[in-house]
>>> print(open('work16.txt').read())   # compact mmCIF, C-alpha atoms and all ligand atoms
# COMPACT_ATOMS: atom_id res chain seq x y z
CA MET A 286 0.00 0.00 0.00
CA GLU A 287 1.26 3.46 -0.84
CA THR A 288 1.25 5.92 2.06
CA LYS A 289 0.23 9.39 0.95
CA ILE A 290 1.22 12.44 3.00
CA VAL A 291 -1.04 15.47 2.65
CA SER A 292 -0.21 18.79 4.26
CA VAL A 293 -2.77 21.03 5.83
CA ASP A 294 -1.57 24.60 6.22
CA SER A 295 -2.45 27.97 4.75
CA GLU A 296 -0.46 27.28 1.55
CA VAL A 297 -2.49 24.35 0.27
CA ASP A 298 -6.01 23.32 -0.68
CA ASN A 299 -7.03 22.29 2.81
CA VAL A 300 -10.65 21.45 2.06
CA ARG A 301 -9.74 18.89 -0.56
CA ASN A 302 -7.12 17.29 1.66
CA TYR A 303 -9.49 17.05 4.60
CA GLN A 304 -12.17 15.63 2.34
CA GLN A 305 -9.81 12.93 1.08
CA ALA A 306 -8.96 11.95 4.65
CA VAL A 307 -12.63 11.86 5.63
CA ASP A 308 -13.52 9.75 2.57
CA ILE A 309 -10.79 7.25 3.47
CA LEU A 310 -12.06 7.07 7.06
CA LYS A 311 -15.66 6.61 5.92
CA SER A 312 -14.57 3.79 3.63
CA GLY A 313 -13.30 1.90 6.69
CA GLU A 314 -9.57 2.66 6.39
CA VAL A 315 -7.16 4.30 8.83
CA VAL A 316 -5.64 7.80 8.65
CA ALA A 317 -2.85 9.29 10.79
CA PHE A 318 -3.46 12.85 11.99
CA PRO A 319 -1.97 15.34 14.46
CA THR A 320 -3.40 16.05 17.90
CA GLU A 321 -1.98 18.51 20.43
CA THR A 322 -0.18 15.64 22.22
CA VAL A 323 1.13 13.20 19.58
CA TYR A 324 0.00 11.93 16.16
CA GLY A 325 -2.91 9.51 16.31
CA LEU A 326 -3.86 6.65 13.99
CA GLY A 327 -7.61 7.04 13.56
CA ALA A 328 -10.40 4.76 12.39
CA LEU A 329 -14.16 5.11 12.61
CA ALA A 330 -14.78 3.78 16.12
CA THR A 331 -18.17 2.29 15.23
CA LYS A 332 -16.76 0.02 12.50
CA ARG A 333 -15.17 -3.22 13.67
CA GLU A 334 -13.17 -3.87 10.45
CA ALA A 335 -11.82 -0.33 10.47
CA VAL A 336 -10.73 -0.59 14.12
CA GLN A 337 -9.03 -3.93 13.40
CA LYS A 338 -6.80 -2.16 10.85
CA ILE A 339 -5.38 0.01 13.64
CA TYR A 340 -4.13 -3.04 15.55
CA ASP A 341 -2.76 -4.58 12.34
CA ALA A 342 -0.90 -1.46 11.20
CA LYS A 343 0.64 -0.84 14.63
CA GLY A 344 1.32 -4.44 15.59
CA ARG A 345 -0.58 -3.61 18.76
CA PRO A 346 -1.69 -6.29 21.25
CA SER A 347 -5.42 -6.68 20.69
CA ASP A 348 -6.27 -6.57 24.42
CA ASN A 349 -5.19 -2.92 24.75
CA PRO A 350 -8.21 -0.56 24.50
CA LEU A 351 -8.22 2.52 22.27
CA ILE A 352 -9.14 6.08 23.19
CA ILE A 353 -12.26 7.45 21.50
CA HIS A 354 -11.77 10.98 20.13
CA ILE A 355 -14.75 13.28 19.84
CA GLY A 356 -15.27 16.70 18.26
CA LYS A 357 -17.91 18.04 20.70
CA LYS A 358 -18.05 17.70 24.48
CA GLU A 359 -21.71 16.63 24.42
CA ASP A 360 -20.81 13.60 22.32
CA ALA A 361 -19.30 11.93 25.40
CA ASN A 362 -22.89 10.99 26.31
CA LEU A 363 -23.28 9.04 23.07
CA TYR A 364 -20.57 6.57 24.08
CA ALA A 365 -20.59 6.63 27.90
CA VAL A 366 -23.17 6.42 30.70
CA ASP A 367 -23.20 7.63 34.33
CA ILE A 368 -20.84 10.54 33.63
CA PRO A 369 -20.26 12.03 37.08
CA GLU A 370 -20.55 15.70 38.01
CA ALA A 371 -16.77 15.94 38.57
CA ALA A 372 -16.16 14.78 34.99
CA GLN A 373 -18.50 17.49 33.71
CA LYS A 374 -16.39 20.06 35.55
CA LEU A 375 -13.18 18.68 34.06
CA MET A 376 -14.68 18.72 30.55
CA ASP A 377 -15.77 22.32 30.96
CA ARG A 378 -12.33 23.32 32.18
CA PHE A 379 -9.94 21.16 30.12
CA TRP A 380 -11.68 19.97 26.92
CA PRO A 381 -10.53 20.28 24.27
CA GLY A 382 -7.20 19.24 25.80
CA PRO A 383 -4.81 16.46 26.84
CA LEU A 384 -7.17 14.69 29.23
CA THR A 385 -8.70 11.27 28.55
CA MET A 386 -11.48 10.26 30.94
CA VAL A 387 -12.53 6.66 31.47
CA PHE A 388 -16.30 6.14 31.93
CA HIS A 389 -18.77 3.25 31.97
CA LYS A 390 -19.33 2.31 28.36
CA ARG A 391 -22.71 2.78 26.69
CA PRO A 392 -23.36 -0.71 25.36
CA GLY A 393 -23.59 -1.43 21.65
CA VAL A 394 -22.33 1.85 20.14
CA ILE A 395 -18.54 1.63 19.86
CA ALA A 396 -17.16 -1.41 18.02
CA GLU A 397 -16.38 -4.15 20.54
CA ASN A 398 -12.74 -4.48 19.47
CA ALA A 399 -12.05 -0.79 20.26
CA THR A 400 -12.45 -1.58 23.98
CA PRO A 401 -11.88 -5.35 23.94
CA GLY A 402 -13.54 -6.99 26.92
CA PHE A 403 -13.88 -3.68 28.78
CA GLU A 404 -17.03 -2.32 30.43
CA THR A 405 -15.39 1.11 30.27
CA VAL A 406 -14.40 3.54 27.54
CA GLY A 407 -11.69 6.23 27.46
CA ILE A 408 -12.82 9.45 25.74
CA ARG A 409 -11.10 12.69 24.89
CA MET A 410 -11.62 15.83 22.82
CA PRO A 411 -8.27 16.77 21.27
CA ASP A 412 -7.14 20.40 21.16
CA HIS A 413 -5.80 20.57 17.64
CA PRO A 414 -7.44 22.38 14.71
CA VAL A 415 -6.66 19.54 12.29
CA ALA A 416 -8.04 16.82 14.56
CA LEU A 417 -11.16 18.89 15.30
CA GLN A 418 -11.72 19.68 11.63
CA LEU A 419 -11.49 15.98 10.73
CA LEU A 420 -13.86 15.01 13.54
CA ASN A 421 -16.39 17.64 12.58
CA MET A 422 -16.36 16.76 8.88
CA LEU A 423 -16.51 13.03 9.70
CA ASP A 424 -19.32 13.62 12.19
CA GLY A 425 -18.42 10.43 14.05
CA PRO A 426 -16.05 9.13 16.73
CA LEU A 427 -12.44 8.24 15.96
CA ALA A 428 -10.72 5.43 17.79
CA ALA A 429 -7.07 6.50 17.81
CA PRO A 430 -3.98 5.26 19.58
CA SER A 431 -0.64 6.95 19.02
CA ALA A 432 0.46 6.46 15.39
CA ASN A 433 3.71 4.60 16.10
CA ARG A 434 4.57 0.96 15.57
CA SER A 435 4.07 -0.80 18.88
CA GLY A 436 7.30 -0.50 20.91
CA LYS A 437 8.38 2.81 19.35
CA PRO A 438 8.02 6.26 20.90
CA SER A 439 4.83 8.11 20.00
CA PRO A 440 5.23 10.25 16.88
CA THR A 441 5.40 14.02 17.31
CA GLU A 442 6.01 14.74 13.61
CA ALA A 443 4.51 13.35 10.40
CA GLU A 444 7.99 12.05 9.47
CA HIS A 445 7.95 9.82 12.57
CA VAL A 446 4.64 8.30 11.47
CA TYR A 447 6.05 7.77 7.99
CA ALA A 448 9.16 6.08 9.37
CA ASP A 449 7.03 3.62 11.36
CA LEU A 450 3.99 3.03 9.16
CA ASN A 451 5.05 3.68 5.56
CA GLY A 452 3.35 1.08 3.37
CA ARG A 453 0.97 0.06 6.16
CA ILE A 454 -1.53 2.92 6.06
CA PRO A 455 -3.08 4.87 3.19
CA MET A 456 -2.71 8.43 4.48
CA ILE A 457 -0.91 10.76 6.89
CA VAL A 458 -2.31 14.25 7.43
CA ASP A 459 0.73 16.42 8.12
CA GLY A 460 0.01 19.30 10.49
CA GLY A 461 3.61 19.93 11.62
CA GLN A 462 5.16 19.16 15.00
CA THR A 463 2.70 18.50 17.84
CA GLY A 464 2.78 20.90 20.78
CA VAL A 465 2.55 18.93 24.02
CA GLY A 466 4.75 16.03 22.96
CA VAL A 467 3.65 13.47 25.58
CA GLU A 468 0.32 11.66 25.48
CA SER A 469 -2.85 12.69 27.29
CA THR A 470 -3.37 12.07 30.99
CA VAL A 471 -5.69 9.07 31.45
CA LEU A 472 -8.04 9.57 34.39
CA ASP A 473 -10.40 6.83 35.56
CA MET A 474 -13.68 8.50 36.54
CA THR A 475 -15.36 5.20 37.50
CA THR A 476 -13.62 5.07 40.90
CA GLU A 477 -13.94 7.27 43.96
CA PRO A 478 -11.66 9.16 44.14
CA PRO A 479 -10.80 9.18 40.42
CA ALA A 480 -7.44 7.63 39.58
CA ILE A 481 -4.70 8.71 37.19
CA LEU A 482 -3.91 5.61 35.13
CA ARG A 483 -1.29 7.34 33.00
CA PRO A 484 0.34 10.70 33.80
CA GLY A 485 0.38 12.96 30.73
CA GLY A 486 0.02 16.40 29.28
CA LEU A 487 -2.45 17.63 31.91
CA THR A 488 -0.88 17.69 35.37
CA LYS A 489 -2.29 16.13 38.53
CA GLU A 490 -2.09 19.54 40.20
CA MET A 491 -4.36 21.08 37.56
CA ILE A 492 -6.92 18.29 37.88
CA GLU A 493 -6.94 18.51 41.68
CA LYS A 494 -7.54 22.25 41.57
CA VAL A 495 -10.88 21.54 39.90
CA ILE A 496 -12.14 18.33 41.57
CA GLY A 497 -9.98 17.80 44.67
CA PRO A 498 -7.72 14.82 45.43
CA VAL A 499 -7.20 12.05 42.86
CA GLN A 500 -5.20 8.84 43.24
CA SER A 501 -2.07 8.06 41.32
CA GLU A 502 -1.78 4.64 39.73
CA GLY A 503 0.32 2.11 41.60
CA LYS A 504 0.13 3.85 44.96
CA THR A 505 -2.15 1.29 46.55
CA GLU A 506 -1.72 -2.48 46.99
CA LYS A 507 -4.69 -3.46 44.83
CA ASP A 508 -3.40 -1.30 41.97
CA LYS A 509 -0.35 -3.47 41.38
CA ALA A 510 -1.68 -4.69 38.05
CA PRO A 511 -1.92 -1.57 35.87
CA ARG A 512 -5.49 -0.65 35.02
CA ALA A 513 -4.51 1.13 31.81
CA PRO A 514 -3.44 -2.03 30.00
CA GLY A 515 -1.09 -0.02 27.80
CA MET A 516 1.08 0.65 30.84
CA LYS A 517 2.04 -3.01 31.24
CA TYR A 518 3.80 -3.28 27.89
CA MET A 519 7.38 -2.17 27.61
CA HIS A 520 7.22 1.05 25.64
CA TYR A 521 9.63 3.28 23.81
CA ALA A 522 12.53 0.83 23.99
CA PRO A 523 15.39 2.51 22.11
CA ASN A 524 17.97 0.38 20.25
CA ALA A 525 20.76 1.12 22.74
CA PRO A 526 20.19 0.74 26.50
CA LEU A 527 19.03 4.02 28.00
CA PHE A 528 20.01 5.11 31.49
CA MET A 529 18.47 7.99 33.38
CA ILE A 530 20.97 10.26 35.03
CA GLU A 531 20.87 13.18 37.46
CA ALA A 532 20.50 16.47 35.56
CA SER A 533 23.96 17.69 36.47
CA GLU A 534 26.58 18.74 33.95
CA THR A 535 29.46 17.26 35.98
CA ALA A 536 27.63 13.98 36.65
CA ILE A 537 27.00 13.54 32.92
CA GLN A 538 30.56 14.55 31.99
CA THR A 539 32.00 12.00 34.42
CA ALA A 540 29.64 9.29 33.17
CA VAL A 541 30.65 9.95 29.56
CA GLN A 542 34.35 9.77 30.50
CA ASN A 543 33.86 6.50 32.38
CA LEU A 544 31.84 4.91 29.59
CA HIS A 545 34.43 6.00 27.02
CA LYS A 546 37.04 4.09 29.02
CA GLU A 547 34.90 0.99 28.40
CA GLY A 548 35.03 1.78 24.68
CA LYS A 549 31.36 2.79 24.47
CA ARG A 550 29.93 5.53 22.27
CA ILE A 551 27.48 7.76 24.07
CA ALA A 552 24.38 9.69 23.03
CA VAL A 553 23.09 12.18 25.59
CA ILE A 554 19.59 13.64 25.86
CA GLY A 555 19.85 16.74 28.00
CA PRO A 556 19.07 20.40 28.52
CA GLU A 557 20.36 23.09 26.18
CA GLU A 558 22.42 24.74 28.94
CA PHE A 559 24.81 21.81 29.32
CA SER A 560 27.90 21.51 27.22
CA ILE A 561 29.06 17.91 27.24
CA GLU A 562 31.73 18.20 24.60
CA GLU A 563 32.96 14.64 24.97
CA ALA A 564 29.55 13.11 24.24
CA ASP A 565 29.53 11.46 20.83
CA TRP A 566 26.03 12.83 20.21
CA TYR A 567 24.11 15.43 22.20
CA PHE A 568 20.39 16.00 21.70
CA SER A 569 19.10 19.11 23.40
CA VAL A 570 15.47 19.03 24.44
CA GLY A 571 15.10 22.57 25.79
CA SER A 572 15.94 24.67 28.77
CA LEU A 573 16.64 22.94 32.12
CA HIS A 574 13.49 24.19 33.86
CA ASP A 575 11.24 24.44 30.80
CA TYR A 576 9.45 21.11 31.21
CA ASP A 577 6.97 21.96 28.46
CA ALA A 578 9.83 22.20 25.98
CA ILE A 579 11.44 19.02 27.30
CA ALA A 580 8.14 17.13 26.91
CA ALA A 581 7.63 18.52 23.40
CA ASN A 582 11.08 17.36 22.22
CA LEU A 583 11.63 14.15 24.20
CA TYR A 584 10.30 11.58 21.74
CA ARG A 585 12.08 13.18 18.81
CA ALA A 586 15.34 13.02 20.79
CA ILE A 587 14.81 9.31 21.56
CA ARG A 588 14.20 8.66 17.86
CA GLN A 589 17.32 10.65 16.98
CA CYS A 590 19.36 8.45 19.33
CA ASP A 591 18.14 5.44 17.36
CA GLU A 592 19.66 6.95 14.23
CA THR A 593 23.12 7.07 15.81
CA GLU A 594 25.61 4.29 16.47
CA ALA A 595 25.51 4.89 20.22
CA ASP A 596 26.12 1.93 22.56
CA VAL A 597 24.58 3.73 25.51
CA ILE A 598 22.05 6.56 25.86
CA LEU A 599 22.09 8.84 28.90
CA ALA A 600 18.96 10.94 29.51
CA ALA A 601 18.86 13.77 32.04
CA GLU A 602 16.10 13.50 34.62
CA THR A 603 13.54 16.14 35.62
CA GLU A 604 11.67 16.56 38.89
CA ALA A 605 8.56 14.36 38.94
CA SER A 606 6.22 17.32 39.37
CA GLY A 607 3.97 19.11 36.88
CA VAL A 608 4.50 17.71 33.40
CA GLY A 609 7.80 16.37 34.80
CA GLU A 610 5.72 13.48 36.16
CA ALA A 611 4.86 12.39 32.61
CA ILE A 612 8.42 12.99 31.40
CA MET A 613 9.87 10.83 34.20
CA ASN A 614 7.20 8.16 33.63
CA ARG A 615 8.18 7.87 29.94
CA LEU A 616 11.93 8.01 30.67
CA THR A 617 11.60 5.31 33.31
CA LYS A 618 9.88 3.09 30.75
CA ALA A 619 12.44 3.82 28.04
CA ALA A 620 15.17 3.00 30.59
CA ASN A 621 13.28 -0.01 31.89
CA GLY A 622 13.97 1.53 35.31
CA LYS A 623 17.76 1.83 34.88
CA ARG A 624 19.63 4.80 36.40
CA TYR A 625 23.27 5.44 35.74
CA SER A 626 25.36 5.30 38.87
CA GLN A 627 29.07 5.96 39.15
CA ARG A 628 31.08 2.86 39.99
O1 LIG A 701 -2.58 11.72 23.74
C1 LIG A 701 -3.08 10.62 23.56
O2 LIG A 701 -3.76 10.04 24.42
C2 LIG A 701 -2.83 9.94 22.19
C3 LIG A 701 -3.50 10.79 21.11
C4 LIG A 701 -3.41 10.17 19.75
O3 LIG A 701 -4.83 11.05 21.49
N1 LIG A 701 -3.35 8.60 22.21
C5 LIG A 701 -2.74 7.60 22.89
O4 LIG A 701 -3.37 6.39 22.74
O5 LIG A 701 -1.74 7.76 23.57
P1 LIG A 701 -2.67 5.01 23.14
O6 LIG A 701 -3.57 3.96 22.62
O7 LIG A 701 -1.28 5.01 22.62
O8 LIG A 701 -2.70 4.98 24.69
C6 LIG A 701 -3.96 4.88 25.35
C7 LIG A 701 -3.77 4.46 26.79
C8 LIG A 701 -3.30 3.04 26.91
O9 LIG A 701 -2.40 2.95 28.01
C9 LIG A 701 -4.61 2.29 27.20
O10 LIG A 701 -4.39 1.08 27.87
C10 LIG A 701 -5.37 3.31 28.04
O11 LIG A 701 -5.03 4.56 27.46
N2 LIG A 701 -6.83 3.13 27.95
C11 LIG A 701 -7.64 3.33 26.89
N3 LIG A 701 -8.92 3.00 27.18
C12 LIG A 701 -8.94 2.58 28.47
C13 LIG A 701 -9.95 2.07 29.36
N4 LIG A 701 -11.22 1.95 28.98
N5 LIG A 701 -9.57 1.73 30.61
C14 LIG A 701 -8.30 1.84 31.01
N6 LIG A 701 -7.30 2.30 30.21
C15 LIG A 701 -7.60 2.66 28.96
MG MG A 702 0.73 4.66 22.43
>>> encode(input="work16.txt", output="structure tokens", more="lines below")
Ligand code: TXA
Ligand code: MG
Amino acid sequence: METKIVSVDSEVDNVRNYQQAVDILKSGEVVAFPTETVYGLGALATKREAVQKIYDAKGRPSDNPLIIHIGKKEDANLYAVDIPEAAQKLMDRFWPGPLTMVFHKRPGVIAENATPGFETVGIRMPDHPVALQLLNMLDGPLAAPSANRSGKPSPTEAEHVYADLNGRIPMIVDGGQTGVGVESTVLDMTTEPPAILRPGGLTKEMIEKVIGPVQSEGKTEKDKAPRAPGMKYMHYAPNAPLFMIEASETAIQTAVQNLHKEGKRIAVIGPEEFSIEEADWYFSVGSLHDYDAIAANLYRAIRQCDETEADVILAAETEASGVGEAIMNRLTKAANGKRYSQR
């Protein structure tokens, strides 16, 4: 299959490009498109065969439910029941935006394989003009996971989608680099208090300001098995082993020197302020305390490391607060928990 990339910006015939994408979706095929977090791979959520093509293209385990994307807040009621008052408040405050809420599923509307075996459904309204335009022209719900091959970092540019899915999907709608860079926060609204199943673009602090305390996944004994099934798979595994390291210029310099003595070539992901001249590759993700920039550039940097011949990747840590919680969550996964320590 040939993968066509169409651009949507002020220079081109946007209406025709959108219409092509919508026609493909209506015919039961998949289309990759930008959201404010990462690129999604969308299919009409009410069509079983269309949804199946998402799992096939990504190589995604078929027991991992998909997020349903909607173009209007009210549409949440079409796919979910018993939406609590607190969720209404969060929608009013943060939709469109990087917040997915898990509700009790309205039976018989969404294709069964979009939420395989689940009584619940995750819904979000993305804050991106291209995604919203597609949803409004389609006038239907889009099931859409991140548009990467399973095991790769989520794509934040159309080129990343192309690298992963070229030949596997008919169309990529190119809307430039995404803004947030990490995926949406997944919040389970079926428990009391609600529980964050995946930290993401919307911070815990912001949610708590609106509805009071929420739980974080994994903090209680009964939460040992992750309730967002996607969190149990190893994600974002780069080609070379990745180690997290304290965000200190001297600590990274020393680590690079030590690893060089072992004959290893080193790629470093770190802030723009550091100058680690001995690193074989240095990928700057933004200013030390600008976590929004670090989140926006993190996945690109991990992909760039994969294009090098590095034997080891070192990635500077952030504090686990604000969007730093999502950054550290993704880094910990990419590192499979490994931290570099001086021997
Ligand atoms: O920002 C995002 O959320 C992006 C863009 C494209 O919207 N989408 C995304 O989808 O990251 P995906 O499929 O890569 O990750 C969805 C996560 C998975 O961890 C999945 O297990 C969880 O959300 N999830 C989806 N529906 C759920 C449900 N009903 N109950 C629990 N977890 C759910
Ligand atoms: Mg994903």
>>> residues_near_point(input="work16.txt", point="(-8.0, 5.1, 31.3)", cutoff="7 Å", atoms="only C-alpha atoms", output="list in words")
Thr385, Met386, Val387, Gly407, Val471, Leu472, Asp473, Leu482 and Ala513 of chain A
>>> closest_residue(input="work16.txt", among="A:Asp348, A:Glu321, A:Glu547, A:Glu468", to="ligand LIG 701 (chain A)", atoms="all atoms listed in the file")
A:Glu468
>>> closest_atom_pairs(input="work16.txt", of="region 436-516 of chain A", to="region 367-373 of chain A", cutoff="10 Å", atoms="all atoms listed in the file", output="JSON lines")
{"residue": "A:Leu472", "atom": "CA", "partner": "A:Ala372", "partner_atom": "CA", "distance": 9.7}
{"residue": "A:Asp473", "atom": "CA", "partner": "A:Ala372", "partner_atom": "CA", "distance": 9.8}
{"residue": "A:Met474", "atom": "CA", "partner": "A:Ala372", "partner_atom": "CA", "distance": 6.9}
{"residue": "A:Thr475", "atom": "CA", "partner": "A:Pro369", "partner_atom": "CA", "distance": 8.4}
{"residue": "A:Pro479", "atom": "CA", "partner": "A:Ala371", "partner_atom": "CA", "distance": 9.2}
{"residue": "A:Val495", "atom": "CA", "partner": "A:Ala371", "partner_atom": "CA", "distance": 8.2}
{"residue": "A:Ile496", "atom": "CA", "partner": "A:Ala371", "partner_atom": "CA", "distance": 6.0}
{"residue": "A:Gly497", "atom": "CA", "partner": "A:Ala371", "partner_atom": "CA", "distance": 9.3}
>>> residues_around(input="work16.txt", residues="region 429-432 of chain A", least_positions_apart="5", cutoff="10 Å", atoms="all atoms listed in the file", output="number ranges by chain")
A: 315-320, 322-330, 336, 339-340, 342-343, 345, 349-354, 399, 437-441, 443, 445-447, 449-450, 457, 468
>>> closest_residue(input="work16.txt", among="A:Asp424, A:Pro381, A:Pro401, A:Gly486", to="Asp308 (chain A)", atoms="all atoms listed in the file")
A:Asp424
>>> residues_around(input="work16.txt", residues="region 563-578 of chain A", least_positions_apart="6", cutoff="8 Å", atoms="all atoms listed in the file", output="list of chain:residue names")
A:Val465, A:Gln538, A:Val541, A:Gln542, A:Arg550, A:Ile551, A:Ala552, A:Val553, A:Ile554, A:Gly555, A:Pro556, A:Glu557, A:Ala586, A:Gln589, A:Cys590, A:Thr593, A:Ala595, A:Thr603, A:Val608, A:Gly609
>>> residues_around(input="work16.txt", residues="Ala540 (chain A)", least_positions_apart="5", cutoff="12 Å", atoms="all atoms listed in the file", output="list in words")
Phe528, Met529, Ile530, Glu531, Ala532, Ser533, Glu534, Thr535, His545, Lys546, Glu547, Lys549, Arg550, Ile551, Ala552, Val553, Ile561, Glu563, Ala564, Val597, Ile598, Leu599, Ala600, Ala601, Arg624, Tyr625, Ser626, Gln627 and Arg628 of chain A
>>> atom_distance(input="work16.txt", atom1="CA of Ile612 (chain A)", atom2="CA of Asp591 (chain A)")
18.7 Å
>>> closest_residue(input="work16.txt", among="A:Val467, A:Val300, A:Met613, A:Ala335", to="ligand MG 702 (chain A)", atoms="all atoms listed in the file")
A:Val467
>>> axis_aligned_box(input="work16.txt", around="region 602-613 of chain A", padding_each_side="8 Å", output="AutoDock Vina command-line options")
--center_x 10.0 --center_y 15.0 --center_z 35.4 --size_x 28.1 --size_y 24.3 --size_z 24.0
>>> closest_residue(input="work16.txt", among="A:Asn433, A:Ser560, A:Leu363, A:Glu610", to="ligand MG 702 (chain A)", atoms="all atoms listed in the file")
A:Asn433
>>> atom_distance(input="work16.txt", atom1="CA of Thr405 (chain A)", atom2="CA of Ala361 (chain A)")
12.5 Å
>>> atom_distance(input="work16.txt", atom1="atom C2 of ligand LIG 701 (chain A)", atom2="CA of Ala580 (chain A)")
13.9 Å
>>> closest_residue(input="work16.txt", among="A:Pro426, A:Glu397, A:Val458, A:Glu314", to="Arg301 (chain A)", atoms="all atoms listed in the file")
A:Val458
>>> closest_residue(input="work16.txt", among="A:Ala605, A:Met410, A:Met286, A:Val415", to="ligand LIG 701 (chain A)", atoms="all atoms listed in the file")
A:Met410
>>> decode(input="work16.txt", residues="region 622-628 of chain A", atoms="all heavy atoms", output="PDB file, in the first residue's frame")
ATOM      1  N   GLY A 622      13.649   1.300  33.896  1.00  0.00           N
ATOM      2  CA  GLY A 622      13.970   1.526  35.306  1.00  0.00           C
ATOM      3  C   GLY A 622      15.439   1.800  35.611  1.00  0.00           C
ATOM      4  O   GLY A 622      15.788   2.110  36.744  1.00  0.00           O
ATOM      5  N   LYS A 623      16.320   1.702  34.603  1.00  0.00           N
ATOM      6  CA  LYS A 623      17.759   1.832  34.885  1.00  0.00           C
ATOM      7  C   LYS A 623      18.195   3.286  35.105  1.00  0.00           C
ATOM      8  O   LYS A 623      17.804   4.170  34.361  1.00  0.00           O
ATOM      9  CB  LYS A 623      18.583   1.267  33.720  1.00  0.00           C
ATOM     10  CG  LYS A 623      18.349  -0.198  33.437  1.00  0.00           C
ATOM     11  CD  LYS A 623      19.303  -0.731  32.360  1.00  0.00           C
ATOM     12  CE  LYS A 623      19.192  -0.065  31.002  1.00  0.00           C
ATOM     13  NZ  LYS A 623      17.908  -0.223  30.320  1.00  0.00           N
ATOM     14  N   ARG A 624      19.005   3.490  36.152  1.00  0.00           N
ATOM     15  CA  ARG A 624      19.628   4.802  36.400  1.00  0.00           C
ATOM     16  C   ARG A 624      21.124   4.609  36.330  1.00  0.00           C
ATOM     17  O   ARG A 624      21.633   3.606  36.825  1.00  0.00           O
ATOM     18  CB  ARG A 624      19.303   5.290  37.812  1.00  0.00           C
ATOM     19  CG  ARG A 624      18.031   6.031  37.948  1.00  0.00           C
ATOM     20  CD  ARG A 624      18.046   6.812  39.264  1.00  0.00           C
ATOM     21  NE  ARG A 624      18.444   8.194  39.083  1.00  0.00           N
ATOM     22  CZ  ARG A 624      19.141   8.896  39.968  1.00  0.00           C
ATOM     23  NH1 ARG A 624      19.564   8.331  41.077  1.00  0.00           N
ATOM     24  NH2 ARG A 624      19.429  10.159  39.746  1.00  0.00           N
ATOM     25  N   TYR A 625      21.804   5.560  35.773  1.00  0.00           N
ATOM     26  CA  TYR A 625      23.265   5.439  35.737  1.00  0.00           C
ATOM     27  C   TYR A 625      23.827   5.804  37.094  1.00  0.00           C
ATOM     28  O   TYR A 625      23.487   6.837  37.662  1.00  0.00           O
ATOM     29  CB  TYR A 625      23.868   6.356  34.674  1.00  0.00           C
ATOM     30  CG  TYR A 625      25.353   6.133  34.544  1.00  0.00           C
ATOM     31  CD1 TYR A 625      25.855   5.110  33.746  1.00  0.00           C
ATOM     32  CD2 TYR A 625      26.254   6.923  35.263  1.00  0.00           C
ATOM     33  CE1 TYR A 625      27.215   4.878  33.656  1.00  0.00           C
ATOM     34  CE2 TYR A 625      27.622   6.695  35.164  1.00  0.00           C
ATOM     35  CZ  TYR A 625      28.090   5.669  34.364  1.00  0.00           C
ATOM     36  OH  TYR A 625      29.433   5.437  34.286  1.00  0.00           O
ATOM     37  N   SER A 626      24.684   4.927  37.627  1.00  0.00           N
ATOM     38  CA  SER A 626      25.360   5.296  38.868  1.00  0.00           C
ATOM     39  C   SER A 626      26.851   5.073  38.702  1.00  0.00           C
ATOM     40  O   SER A 626      27.271   4.112  38.059  1.00  0.00           O
ATOM     41  CB  SER A 626      24.807   4.486  40.033  1.00  0.00           C
ATOM     42  OG  SER A 626      24.968   3.116  39.768  1.00  0.00           O
ATOM     43  N   GLN A 627      27.610   5.996  39.238  1.00  0.00           N
ATOM     44  CA  GLN A 627      29.074   5.960  39.154  1.00  0.00           C
ATOM     45  C   GLN A 627      29.610   4.747  39.909  1.00  0.00           C
ATOM     46  O   GLN A 627      29.172   4.475  41.024  1.00  0.00           O
ATOM     47  CB  GLN A 627      29.619   7.238  39.811  1.00  0.00           C
ATOM     48  CG  GLN A 627      30.461   8.087  38.922  1.00  0.00           C
ATOM     49  CD  GLN A 627      29.716   8.699  37.745  1.00  0.00           C
ATOM     50  OE1 GLN A 627      29.879   8.245  36.636  1.00  0.00           O
ATOM     51  NE2 GLN A 627      28.907   9.723  37.973  1.00  0.00           N
ATOM     52  N   ARG A 628      30.494   3.999  39.257  1.00  0.00           N
ATOM     53  CA  ARG A 628      31.076   2.862  39.994  1.00  0.00           C
ATOM     54  C   ARG A 628      32.448   3.222  40.504  1.00  0.00           C
ATOM     55  O   ARG A 628      33.049   4.177  40.044  1.00  0.00           O
ATOM     56  CB  ARG A 628      31.177   1.615  39.119  1.00  0.00           C
ATOM     57  CG  ARG A 628      29.881   0.820  39.167  1.00  0.00           C
ATOM     58  CD  ARG A 628      29.696  -0.009  37.908  1.00  0.00           C
ATOM     59  NE  ARG A 628      29.465   0.875  36.776  1.00  0.00           N
ATOM     60  CZ  ARG A 628      29.298   0.451  35.524  1.00  0.00           C
ATOM     61  NH1 ARG A 628      29.367  -0.822  35.269  1.00  0.00           N
ATOM     62  NH2 ARG A 628      29.066   1.286  34.547  1.00  0.00           N
TER      63      ARG A 628
END
